[in-house]
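Participant: Okay, handing you the structure first.
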Amino acid sequence: MEYTLSPLGDQAVVIEVDCDISIEAQDKVLAVSARLEEEAPEWMVEVVPAYTSVTVFYRLGVFVEGNPYAEVCKRIHEILAGVEASRAGSPKTVRIPVLYGGEWGPDLEFVAQHNGCTPEEVISIHSSGEYLVHMIGFAPGFPFVGGMSEKIAAPRRKTPRLRIPARTVGIAGKQTGVYPIETPGGWQLIGRTPLELFLPEQDPPSLLAAGDRIEFYPISQKEYEELRGGRP
């Protein structure tokens with residue numbers, strides 16, 4: 001597998017495996033991440049997969065002589081020797097229930113009007129596809145996913161909201177995702193899930209990981225409240 005290495009600050013190396021976002025790039029990213037995590041060298045702090053790259057954070061104190069970056073690059077080359085892109089096993093599919101529209105998805109009407117369709121059609125399209133988790137970022141547990149139909153794409157809001165409730169499902173451009181925690185944001189909000197995507201007391205704390213699949217499905221307010229079990 002071909003890749004390039006570049007520094008990120010003085011304690012990280014970016015491994016770039018491709019230039020374009022694709023399933024093939026995802027397979028390369030997962031293969032590199034899996035090999036590094038399997039080896040788990042003492043100098044490595046964390047492996048962070050992204051769309052077309054993997055960032056490796058390392059401990060400076062392990063390298064008392066010479067150039068730490070050059071030494072880490074050398075060891076990365078050794079670890080990745082012979083690694084090939086492959087889809088490891090069957091990907092995990094997580095089904096995410098969503099209560100669409102109303103106070104839980106105040107921008108559903110806008111997304112429908114923007115695309116010349118009805119709110120019911122937006123819900124049907126959004127909940128009919130399978131989405132690929134490319135990476136986790138922006139906020140703890142936030143999935144960046146691919147696979148949304150262009151038929152329901154919508155621009156970000158001109159003025160971001162200062163507070164978006166946790167578990168809110170949104171659309172921005174050709175992307176969709178779920179806000180795991182309360183945070184500011186500019187995505188168009190179409191619904192909310194009763195599932196917790198960020199679980200800090202668990203290991204790993206994120207419900208989703210790069211390479212997972214997501215299937216959204218619509219639920220009623222009663223079902224939402226039952227799944228929340230009385231929690232806000």
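We name chains A, B, ... following the order of the structure tokens; residues begin at 1 in each chain, and ligands are numbered from 1 as shown.
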Find the spatial neighbours of Val83 (chain A), counting only C-alpha atoms, within a cut-off of 8 Å - ignore same-chain residues fewer than 2 positions away - and output them as an MDAnalysis selection string.
Facilitator: chainID A and resid 1 31:32 35 80:81 85
Participant: I need the residues from that last selection saved to file as a compact mmCIF listing (two decimals), in the first residue's frame (with all heavy atoms), if you can.
Facilitator:
# COMPACT_ATOMS: atom_id res chain seq x y z
N MET A 1 0.84 -1.20 0.00
CA MET A 1 0.00 0.00 0.00
C MET A 1 0.87 1.25 0.00
O MET A 1 1.83 1.34 0.77
CB MET A 1 -0.90 0.01 1.25
CG MET A 1 -1.83 1.22 1.32
SD MET A 1 -2.56 1.43 2.97
CE MET A 1 -3.33 -0.16 3.22
N ALA A 31 -7.29 -0.54 7.56
CA ALA A 31 -6.19 -1.50 7.60
C ALA A 31 -4.98 -0.92 8.33
O ALA A 31 -4.35 -1.60 9.15
CB ALA A 31 -5.80 -1.90 6.17
N VAL A 32 -4.65 0.34 8.04
CA VAL A 32 -3.52 1.00 8.71
C VAL A 32 -3.80 1.15 10.21
O VAL A 32 -2.94 0.85 11.06
CB VAL A 32 -3.25 2.37 8.07
CG1 VAL A 32 -2.30 3.20 8.94
CG2 VAL A 32 -2.67 2.20 6.68
N ARG A 35 -3.54 -2.25 12.01
CA ARG A 35 -2.16 -2.72 12.18
C ARG A 35 -1.45 -1.97 13.30
O ARG A 35 -0.77 -2.57 14.15
CB ARG A 35 -1.39 -2.56 10.87
CG ARG A 35 0.10 -2.95 10.95
CD ARG A 35 0.31 -4.42 11.26
NE ARG A 35 -0.18 -5.27 10.19
CZ ARG A 35 0.54 -5.60 9.12
NH1 ARG A 35 1.78 -5.16 8.97
NH2 ARG A 35 0.01 -6.38 8.20
N LEU A 80 4.07 -0.93 9.07
CA LEU A 80 3.14 -1.01 7.95
C LEU A 80 3.70 -1.79 6.76
O LEU A 80 3.01 -1.92 5.74
CB LEU A 80 2.75 0.39 7.49
CG LEU A 80 2.00 1.25 8.51
CD1 LEU A 80 1.59 2.58 7.89
CD2 LEU A 80 0.78 0.52 9.07
N ALA A 81 4.89 -2.31 6.89
CA ALA A 81 5.48 -3.09 5.78
C ALA A 81 4.56 -4.26 5.43
O ALA A 81 4.23 -5.08 6.29
CB ALA A 81 6.86 -3.60 6.18
N ALA A 85 -4.87 -3.04 2.00
CA ALA A 85 -6.24 -2.65 2.30
C ALA A 85 -7.15 -3.87 2.20
O ALA A 85 -7.08 -4.64 1.25
CB ALA A 85 -6.71 -1.58 1.32
Participant: I'd like the neighbourhood of Leu162 (chain A) as a PyMOL selection string, where a residue qualifies if any of its atoms comes within 7 Å (using only C-alpha atoms), though same-chain residues fewer than 2 positions away should be ignored.
Facilitator: chain A and resi 160+164+184-185
Participant: Store the residues picked out above in a file with C-alpha atoms, as a CSV table (one decimal), in the first residue's frame.
Facilitator:
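Output saved as part.csv:
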chain,number,residue,atom,x,y,z
A,160,PRO,CA,-25.5,28.7,13.6
A,164,ILE,CA,-28.3,22.1,19.8
A,184,PRO,CA,-23.4,24.9,18.9
A,185,GLY,CA,-23.9,24.0,15.3
Participant: Using backbone DSSP assignments, extract all strand (DSSP E or B) residues from region 113-196 of chain A; output them as a PDB file with N, CA, C and O atoms, in the first residue's frame.
Facilitator:
ATOM      1  N   TYR A 131     -25.725   4.072   5.741  1.00  0.00           N
ATOM      2  CA  TYR A 131     -24.693   5.094   5.786  1.00  0.00           C
ATOM      3  C   TYR A 131     -23.388   4.502   6.331  1.00  0.00           C
ATOM      4  O   TYR A 131     -23.401   3.636   7.203  1.00  0.00           O
ATOM      5  N   LEU A 132     -22.284   5.006   5.809  1.00  0.00           N
ATOM      6  CA  LEU A 132     -20.960   4.556   6.234  1.00  0.00           C
ATOM      7  C   LEU A 132     -20.325   5.600   7.141  1.00  0.00           C
ATOM      8  O   LEU A 132     -20.271   6.782   6.788  1.00  0.00           O
ATOM      9  N   VAL A 133     -19.854   5.175   8.313  1.00  0.00           N
ATOM     10  CA  VAL A 133     -19.154   6.079   9.225  1.00  0.00           C
ATOM     11  C   VAL A 133     -17.702   6.199   8.772  1.00  0.00           C
ATOM     12  O   VAL A 133     -16.942   5.239   8.835  1.00  0.00           O
ATOM     13  N   HIS A 134     -17.332   7.385   8.290  1.00  0.00           N
ATOM     14  CA  HIS A 134     -15.965   7.602   7.831  1.00  0.00           C
ATOM     15  C   HIS A 134     -15.032   7.931   8.991  1.00  0.00           C
ATOM     16  O   HIS A 134     -13.864   7.530   9.002  1.00  0.00           O
ATOM     17  N   MET A 135     -15.533   8.703   9.948  1.00  0.00           N
ATOM     18  CA  MET A 135     -14.676   9.104  11.072  1.00  0.00           C
ATOM     19  C   MET A 135     -15.533   9.623  12.212  1.00  0.00           C
ATOM     20  O   MET A 135     -16.720   9.905  12.042  1.00  0.00           O
ATOM     21  N   ILE A 136     -14.916   9.724  13.379  1.00  0.00           N
ATOM     22  CA  ILE A 136     -15.545  10.315  14.558  1.00  0.00           C
ATOM     23  C   ILE A 136     -14.765  11.585  14.879  1.00  0.00           C
ATOM     24  O   ILE A 136     -13.539  11.565  14.994  1.00  0.00           O
ATOM     25  N   PRO A 143     -20.459  11.242  14.512  1.00  0.00           N
ATOM     26  CA  PRO A 143     -20.081  10.483  13.308  1.00  0.00           C
ATOM     27  C   PRO A 143     -20.180  11.312  12.036  1.00  0.00           C
ATOM     28  O   PRO A 143     -21.200  11.947  11.759  1.00  0.00           O
ATOM     29  N   PHE A 144     -19.126  11.323  11.255  1.00  0.00           N
ATOM     30  CA  PHE A 144     -19.174  11.880   9.910  1.00  0.00           C
ATOM     31  C   PHE A 144     -19.459  10.714   8.970  1.00  0.00           C
ATOM     32  O   PHE A 144     -18.667   9.775   8.894  1.00  0.00           O
ATOM     33  N   VAL A 145     -20.584  10.774   8.276  1.00  0.00           N
ATOM     34  CA  VAL A 145     -21.012   9.619   7.500  1.00  0.00           C
ATOM     35  C   VAL A 145     -21.210   9.979   6.033  1.00  0.00           C
ATOM     36  O   VAL A 145     -21.428  11.136   5.673  1.00  0.00           O
ATOM     37  N   GLY A 146     -21.106   8.971   5.207  1.00  0.00           N
ATOM     38  CA  GLY A 146     -21.370   9.124   3.782  1.00  0.00           C
ATOM     39  C   GLY A 146     -22.546   8.269   3.381  1.00  0.00           C
ATOM     40  O   GLY A 146     -22.910   7.325   4.081  1.00  0.00           O
ATOM     41  N   ALA A 154     -29.091  19.855   1.873  1.00  0.00           N
ATOM     42  CA  ALA A 154     -29.508  21.216   2.232  1.00  0.00           C
ATOM     43  C   ALA A 154     -28.317  21.976   2.795  1.00  0.00           C
ATOM     44  O   ALA A 154     -27.454  21.394   3.458  1.00  0.00           O
ATOM     45  N   ARG A 161     -26.888  27.867  15.379  1.00  0.00           N
ATOM     46  CA  ARG A 161     -27.541  27.888  16.679  1.00  0.00           C
ATOM     47  C   ARG A 161     -26.477  27.789  17.770  1.00  0.00           C
ATOM     48  O   ARG A 161     -25.468  27.094  17.603  1.00  0.00           O
ATOM     49  N   LEU A 162     -26.723  28.458  18.883  1.00  0.00           N
ATOM     50  CA  LEU A 162     -25.770  28.408  19.995  1.00  0.00           C
ATOM     51  C   LEU A 162     -25.893  27.118  20.789  1.00  0.00           C
ATOM     52  O   LEU A 162     -24.933  26.665  21.405  1.00  0.00           O
ATOM     53  N   ARG A 163     -27.095  26.518  20.765  1.00  0.00           N
ATOM     54  CA  ARG A 163     -27.295  25.278  21.517  1.00  0.00           C
ATOM     55  C   ARG A 163     -28.152  24.314  20.698  1.00  0.00           C
ATOM     56  O   ARG A 163     -29.281  24.631  20.351  1.00  0.00           O
ATOM     57  N   ILE A 164     -27.578  23.174  20.399  1.00  0.00           N
ATOM     58  CA  ILE A 164     -28.323  22.097  19.755  1.00  0.00           C
ATOM     59  C   ILE A 164     -28.401  20.948  20.752  1.00  0.00           C
ATOM     60  O   ILE A 164     -27.374  20.503  21.271  1.00  0.00           O
ATOM     61  N   THR A 168     -29.509  15.121  18.513  1.00  0.00           N
ATOM     62  CA  THR A 168     -30.244  15.692  17.390  1.00  0.00           C
ATOM     63  C   THR A 168     -29.635  15.245  16.060  1.00  0.00           C
ATOM     64  O   THR A 168     -28.415  15.236  15.895  1.00  0.00           O
ATOM     65  N   VAL A 169     -30.502  14.882  15.120  1.00  0.00           N
ATOM     66  CA  VAL A 169     -30.085  14.443  13.783  1.00  0.00           C
ATOM     67  C   VAL A 169     -30.142  15.642  12.838  1.00  0.00           C
ATOM     68  O   VAL A 169     -31.136  16.383  12.826  1.00  0.00           O
ATOM     69  N   GLY A 170     -29.076  15.855  12.080  1.00  0.00           N
ATOM     70  CA  GLY A 170     -29.024  17.020  11.209  1.00  0.00           C
ATOM     71  C   GLY A 170     -28.525  16.707   9.807  1.00  0.00           C
ATOM     72  O   GLY A 170     -28.018  15.607   9.538  1.00  0.00           O
ATOM     73  N   ILE A 171     -28.682  17.691   8.930  1.00  0.00           N
ATOM     74  CA  ILE A 171     -28.212  17.609   7.551  1.00  0.00           C
ATOM     75  C   ILE A 171     -27.411  18.870   7.241  1.00  0.00           C
ATOM     76  O   ILE A 171     -27.816  19.972   7.612  1.00  0.00           O
ATOM     77  N   ALA A 172     -26.281  18.701   6.562  1.00  0.00           N
ATOM     78  CA  ALA A 172     -25.474  19.837   6.110  1.00  0.00           C
ATOM     79  C   ALA A 172     -24.864  19.465   4.774  1.00  0.00           C
ATOM     80  O   ALA A 172     -24.039  18.554   4.693  1.00  0.00           O
ATOM     81  N   GLY A 173     -25.288  20.166   3.702  1.00  0.00           N
ATOM     82  CA  GLY A 173     -24.817  19.778   2.384  1.00  0.00           C
ATOM     83  C   GLY A 173     -25.288  18.377   2.055  1.00  0.00           C
ATOM     84  O   GLY A 173     -26.474  18.064   2.196  1.00  0.00           O
ATOM     85  N   GLN A 175     -24.233  15.759   3.677  1.00  0.00           N
ATOM     86  CA  GLN A 175     -23.919  14.953   4.849  1.00  0.00           C
ATOM     87  C   GLN A 175     -25.094  14.912   5.823  1.00  0.00           C
ATOM     88  O   GLN A 175     -25.905  15.826   5.880  1.00  0.00           O
ATOM     89  N   THR A 176     -25.149  13.851   6.594  1.00  0.00           N
ATOM     90  CA  THR A 176     -26.053  13.788   7.728  1.00  0.00           C
ATOM     91  C   THR A 176     -25.258  13.279   8.920  1.00  0.00           C
ATOM     92  O   THR A 176     -24.173  12.709   8.762  1.00  0.00           O
ATOM     93  N   GLY A 177     -25.771  13.501  10.117  1.00  0.00           N
ATOM     94  CA  GLY A 177     -25.066  13.078  11.313  1.00  0.00           C
ATOM     95  C   GLY A 177     -25.915  13.312  12.536  1.00  0.00           C
ATOM     96  O   GLY A 177     -27.044  13.808  12.448  1.00  0.00           O
ATOM     97  N   VAL A 178     -25.364  12.946  13.690  1.00  0.00           N
ATOM     98  CA  VAL A 178     -26.077  13.076  14.958  1.00  0.00           C
ATOM     99  C   VAL A 178     -25.175  13.806  15.953  1.00  0.00           C
ATOM    100  O   VAL A 178     -24.020  13.424  16.140  1.00  0.00           O
ATOM    101  N   TYR A 179     -25.713  14.851  16.585  1.00  0.00           N
ATOM    102  CA  TYR A 179     -24.981  15.555  17.634  1.00  0.00           C
ATOM    103  C   TYR A 179     -25.059  14.735  18.924  1.00  0.00           C
ATOM    104  O   TYR A 179     -26.118  14.676  19.551  1.00  0.00           O
ATOM    105  N   THR A 183     -24.274  21.150  21.836  1.00  0.00           N
ATOM    106  CA  THR A 183     -23.172  21.933  21.293  1.00  0.00           C
ATOM    107  C   THR A 183     -23.719  22.960  20.304  1.00  0.00           C
ATOM    108  O   THR A 183     -24.825  22.771  19.775  1.00  0.00           O
ATOM    109  N   PRO A 184     -23.000  24.034  20.037  1.00  0.00           N
ATOM    110  CA  PRO A 184     -23.401  24.922  18.939  1.00  0.00           C
ATOM    111  C   PRO A 184     -23.273  24.192  17.607  1.00  0.00           C
ATOM    112  O   PRO A 184     -22.532  23.216  17.490  1.00  0.00           O
ATOM    113  N   GLY A 185     -23.996  24.670  16.593  1.00  0.00           N
ATOM    114  CA  GLY A 185     -23.874  24.040  15.288  1.00  0.00           C
ATOM    115  C   GLY A 185     -24.757  24.706  14.244  1.00  0.00           C
ATOM    116  O   GLY A 185     -25.724  25.387  14.582  1.00  0.00           O
ATOM    117  N   GLN A 188     -28.911  21.733   9.535  1.00  0.00           N
ATOM    118  CA  GLN A 188     -30.372  21.748   9.520  1.00  0.00           C
ATOM    119  C   GLN A 188     -30.875  20.548  10.326  1.00  0.00           C
ATOM    120  O   GLN A 188     -30.521  19.402  10.042  1.00  0.00           O
ATOM    121  N   LEU A 189     -31.713  20.812  11.319  1.00  0.00           N
ATOM    122  CA  LEU A 189     -32.127  19.779  12.271  1.00  0.00           C
ATOM    123  C   LEU A 189     -33.437  19.133  11.820  1.00  0.00           C
ATOM    124  O   LEU A 189     -34.443  19.815  11.637  1.00  0.00           O
ATOM    125  N   ILE A 190     -33.418  17.807  11.660  1.00  0.00           N
ATOM    126  CA  ILE A 190     -34.606  17.120  11.135  1.00  0.00           C
ATOM    127  C   ILE A 190     -35.227  16.139  12.119  1.00  0.00           C
ATOM    128  O   ILE A 190     -36.314  15.616  11.862  1.00  0.00           O
ATOM    129  N   GLY A 191     -34.571  15.867  13.237  1.00  0.00           N
ATOM    130  CA  GLY A 191     -35.137  14.920  14.190  1.00  0.00           C
ATOM    131  C   GLY A 191     -34.215  14.695  15.374  1.00  0.00           C
ATOM    132  O   GLY A 191     -33.185  15.353  15.507  1.00  0.00           O
ATOM    133  N   ARG A 192     -34.628  13.761  16.234  1.00  0.00           N
ATOM    134  CA  ARG A 192     -33.806  13.439  17.401  1.00  0.00           C
ATOM    135  C   ARG A 192     -33.938  11.950  17.706  1.00  0.00           C
ATOM    136  O   ARG A 192     -35.006  11.363  17.543  1.00  0.00           O
TER     137      ARG A 192
END
Participant: Using only C-alpha atoms, what does the table of region 65-171 of chain A residues within 10 Å of region 217-229 of chain A look like, with each row giving the shortest atom pair and its distance in Å to one decimal, sorted by chain and ascending number, as a Markdown table?
Facilitator:
| residue | atom | partner | partner_atom | distance |
| --- | --- | --- | --- | --- |
| A:Arg95 | CA | A:Tyr217 | CA | 7.2 |
| A:Ile96 | CA | A:Tyr217 | CA | 6.3 |
| A:Pro97 | CA | A:Tyr217 | CA | 4.9 |
| A:Val98 | CA | A:Pro218 | CA | 4.9 |
| A:Leu99 | CA | A:Ile219 | CA | 5.3 |
| A:Tyr100 | CA | A:Pro218 | CA | 6.7 |
| A:Trp104 | CA | A:Gln221 | CA | 9.8 |
| A:Ile123 | CA | A:Pro218 | CA | 7.5 |
| A:Ser124 | CA | A:Pro218 | CA | 8.5 |
| A:His126 | CA | A:Tyr217 | CA | 8.4 |
| A:Ser127 | CA | A:Tyr217 | CA | 5.0 |
| A:Ser128 | CA | A:Tyr217 | CA | 7.7 |
| A:Gly129 | CA | A:Tyr217 | CA | 9.6 |
Participant: Could you turn the residues from that selection into a file that holds N, CA and C atoms, as a JSON list (two decimals), in the first residue's frame?
Facilitator:
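Listed below is the output, selection_5.json:
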[["chain", "number", "residue", "atom", "x", "y", "z"],
["A", 95, "ARG", "N", -28.60, 0.41, 14.13],
["A", 95, "ARG", "CA", -29.89, 0.98, 13.75],
["A", 95, "ARG", "C", -30.25, 2.09, 14.74],
["A", 96, "ILE", "N", -30.50, 3.27, 14.20],
["A", 96, "ILE", "CA", -30.75, 4.45, 15.03],
["A", 96, "ILE", "C", -32.17, 4.93, 14.82],
["A", 97, "PRO", "N", -33.02, 4.83, 15.87],
["A", 97, "PRO", "CA", -34.39, 5.33, 15.75],
["A", 97, "PRO", "C", -34.40, 6.85, 15.79],
["A", 98, "VAL", "N", -35.30, 7.46, 15.03],
["A", 98, "VAL", "CA", -35.37, 8.93, 14.96],
["A", 98, "VAL", "C", -36.83, 9.38, 15.04],
["A", 99, "LEU", "N", -37.08, 10.34, 15.93],
["A", 99, "LEU", "CA", -38.36, 11.03, 15.96],
["A", 99, "LEU", "C", -38.19, 12.27, 15.09],
["A", 100, "TYR", "N", -38.78, 12.23, 13.90],
["A", 100, "TYR", "CA", -38.57, 13.30, 12.93],
["A", 100, "TYR", "C", -39.55, 14.45, 13.13],
["A", 104, "TRP", "N", -38.46, 18.43, 17.71],
["A", 104, "TRP", "CA", -37.24, 17.61, 17.67],
["A", 104, "TRP", "C", -36.48, 17.81, 16.37],
["A", 123, "ILE", "N", -38.29, 12.20, 5.16],
["A", 123, "ILE", "CA", -38.16, 11.14, 6.16],
["A", 123, "ILE", "C", -37.95, 9.80, 5.48],
["A", 124, "SER", "N", -38.72, 9.54, 4.44],
["A", 124, "SER", "CA", -38.61, 8.26, 3.73],
["A", 124, "SER", "C", -37.23, 8.08, 3.11],
["A", 126, "HIS", "N", -34.39, 9.73, 3.93],
["A", 126, "HIS", "CA", -33.35, 9.71, 4.97],
["A", 126, "HIS", "C", -33.28, 8.36, 5.68],
["A", 127, "SER", "N", -34.41, 7.72, 5.86],
["A", 127, "SER", "CA", -34.46, 6.46, 6.62],
["A", 127, "SER", "C", -34.40, 5.22, 5.73],
["A", 128, "SER", "N", -34.15, 5.40, 4.43],
["A", 128, "SER", "CA", -34.14, 4.24, 3.53],
["A", 128, "SER", "C", -32.74, 3.81, 3.12],
["A", 129, "GLY", "N", -31.74, 4.57, 3.48],
["A", 129, "GLY", "CA", -30.38, 4.24, 3.04],
["A", 129, "GLY", "C", -29.53, 3.63, 4.14]]
Participant: With DSSP run on the backbone, what are the helix (DSSP H, G or I) residues within chain A? I'd like them as a ChimeraX atom specification.
Facilitator: /A:23-39,60-62,68-80,102-104,108-114,119-126,150-152,221-228
Participant: Skipping near chain neighbours, those fewer than 2 positions away, what residues fall within 9 Å of Ile15 (chain A) using only C-alpha atoms, listed as a list in words?
Facilitator: Tyr3, Thr4, Leu5, Ser6, Val13, Val17, Val29, Val32, Thr52, Ser53, Val54, Thr55 and Val56 of chain A
Participant: Take the residues that were just selected and, keeping N, CA and C atoms, output them as a PDB file, in the first residue's frame.
Facilitator:
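Final output, again_36.pdb:
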ATOM      1  N   TYR A   3       1.544   5.246   0.694  1.00  0.00           N
ATOM      2  CA  TYR A   3       1.089   6.284   1.617  1.00  0.00           C
ATOM      3  C   TYR A   3       2.204   7.304   1.784  1.00  0.00           C
ATOM      4  N   THR A   4       1.854   8.467   2.328  1.00  0.00           N
ATOM      5  CA  THR A   4       2.851   9.494   2.616  1.00  0.00           C
ATOM      6  C   THR A   4       2.754   9.876   4.082  1.00  0.00           C
ATOM      7  N   LEU A   5       3.863  10.348   4.629  1.00  0.00           N
ATOM      8  CA  LEU A   5       3.921  10.776   6.024  1.00  0.00           C
ATOM      9  C   LEU A   5       4.239  12.262   6.089  1.00  0.00           C
ATOM     10  N   SER A   6       3.606  12.950   7.037  1.00  0.00           N
ATOM     11  CA  SER A   6       3.893  14.371   7.246  1.00  0.00           C
ATOM     12  C   SER A   6       3.682  14.709   8.713  1.00  0.00           C
ATOM     13  N   VAL A  13       2.106  12.336  13.610  1.00  0.00           N
ATOM     14  CA  VAL A  13       2.419  12.064  12.212  1.00  0.00           C
ATOM     15  C   VAL A  13       1.113  11.754  11.488  1.00  0.00           C
ATOM     16  N   VAL A  17      -3.305   8.084   3.043  1.00  0.00           N
ATOM     17  CA  VAL A  17      -3.371   6.862   2.229  1.00  0.00           C
ATOM     18  C   VAL A  17      -4.071   7.069   0.895  1.00  0.00           C
ATOM     19  N   VAL A  29      -7.612   3.114   5.302  1.00  0.00           N
ATOM     20  CA  VAL A  29      -7.546   3.748   6.622  1.00  0.00           C
ATOM     21  C   VAL A  29      -7.750   2.710   7.729  1.00  0.00           C
ATOM     22  N   VAL A  32      -4.650   0.342   8.045  1.00  0.00           N
ATOM     23  CA  VAL A  32      -3.520   1.000   8.713  1.00  0.00           C
ATOM     24  C   VAL A  32      -3.798   1.147  10.213  1.00  0.00           C
ATOM     25  N   THR A  52      -9.346  10.065   4.722  1.00  0.00           N
ATOM     26  CA  THR A  52      -8.302   9.520   3.843  1.00  0.00           C
ATOM     27  C   THR A  52      -6.948   9.412   4.553  1.00  0.00           C
ATOM     28  N   SER A  53      -6.954   9.553   5.866  1.00  0.00           N
ATOM     29  CA  SER A  53      -5.687   9.565   6.587  1.00  0.00           C
ATOM     30  C   SER A  53      -5.840   8.966   7.981  1.00  0.00           C
ATOM     31  N   VAL A  54      -4.697   8.694   8.576  1.00  0.00           N
ATOM     32  CA  VAL A  54      -4.636   8.233   9.963  1.00  0.00           C
ATOM     33  C   VAL A  54      -3.590   9.086  10.666  1.00  0.00           C
ATOM     34  N   THR A  55      -3.960   9.696  11.780  1.00  0.00           N
ATOM     35  CA  THR A  55      -3.005  10.491  12.542  1.00  0.00           C
ATOM     36  C   THR A  55      -2.527   9.688  13.749  1.00  0.00           C
ATOM     37  N   VAL A  56      -1.214   9.644  13.923  1.00  0.00           N
ATOM     38  CA  VAL A  56      -0.609   8.903  15.023  1.00  0.00           C
ATOM     39  C   VAL A  56       0.040   9.896  15.983  1.00  0.00           C
TER      40      VAL A  56
END
Participant: Quote the spacing between CA of Pro119 (chain A) and CA of Gly102 (chain A) in Å to one decimal place.
Facilitator: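 So the two atoms, CA of Pro119 (chain A) and CA of Gly102 (chain A), lie 10.7 Å apart.
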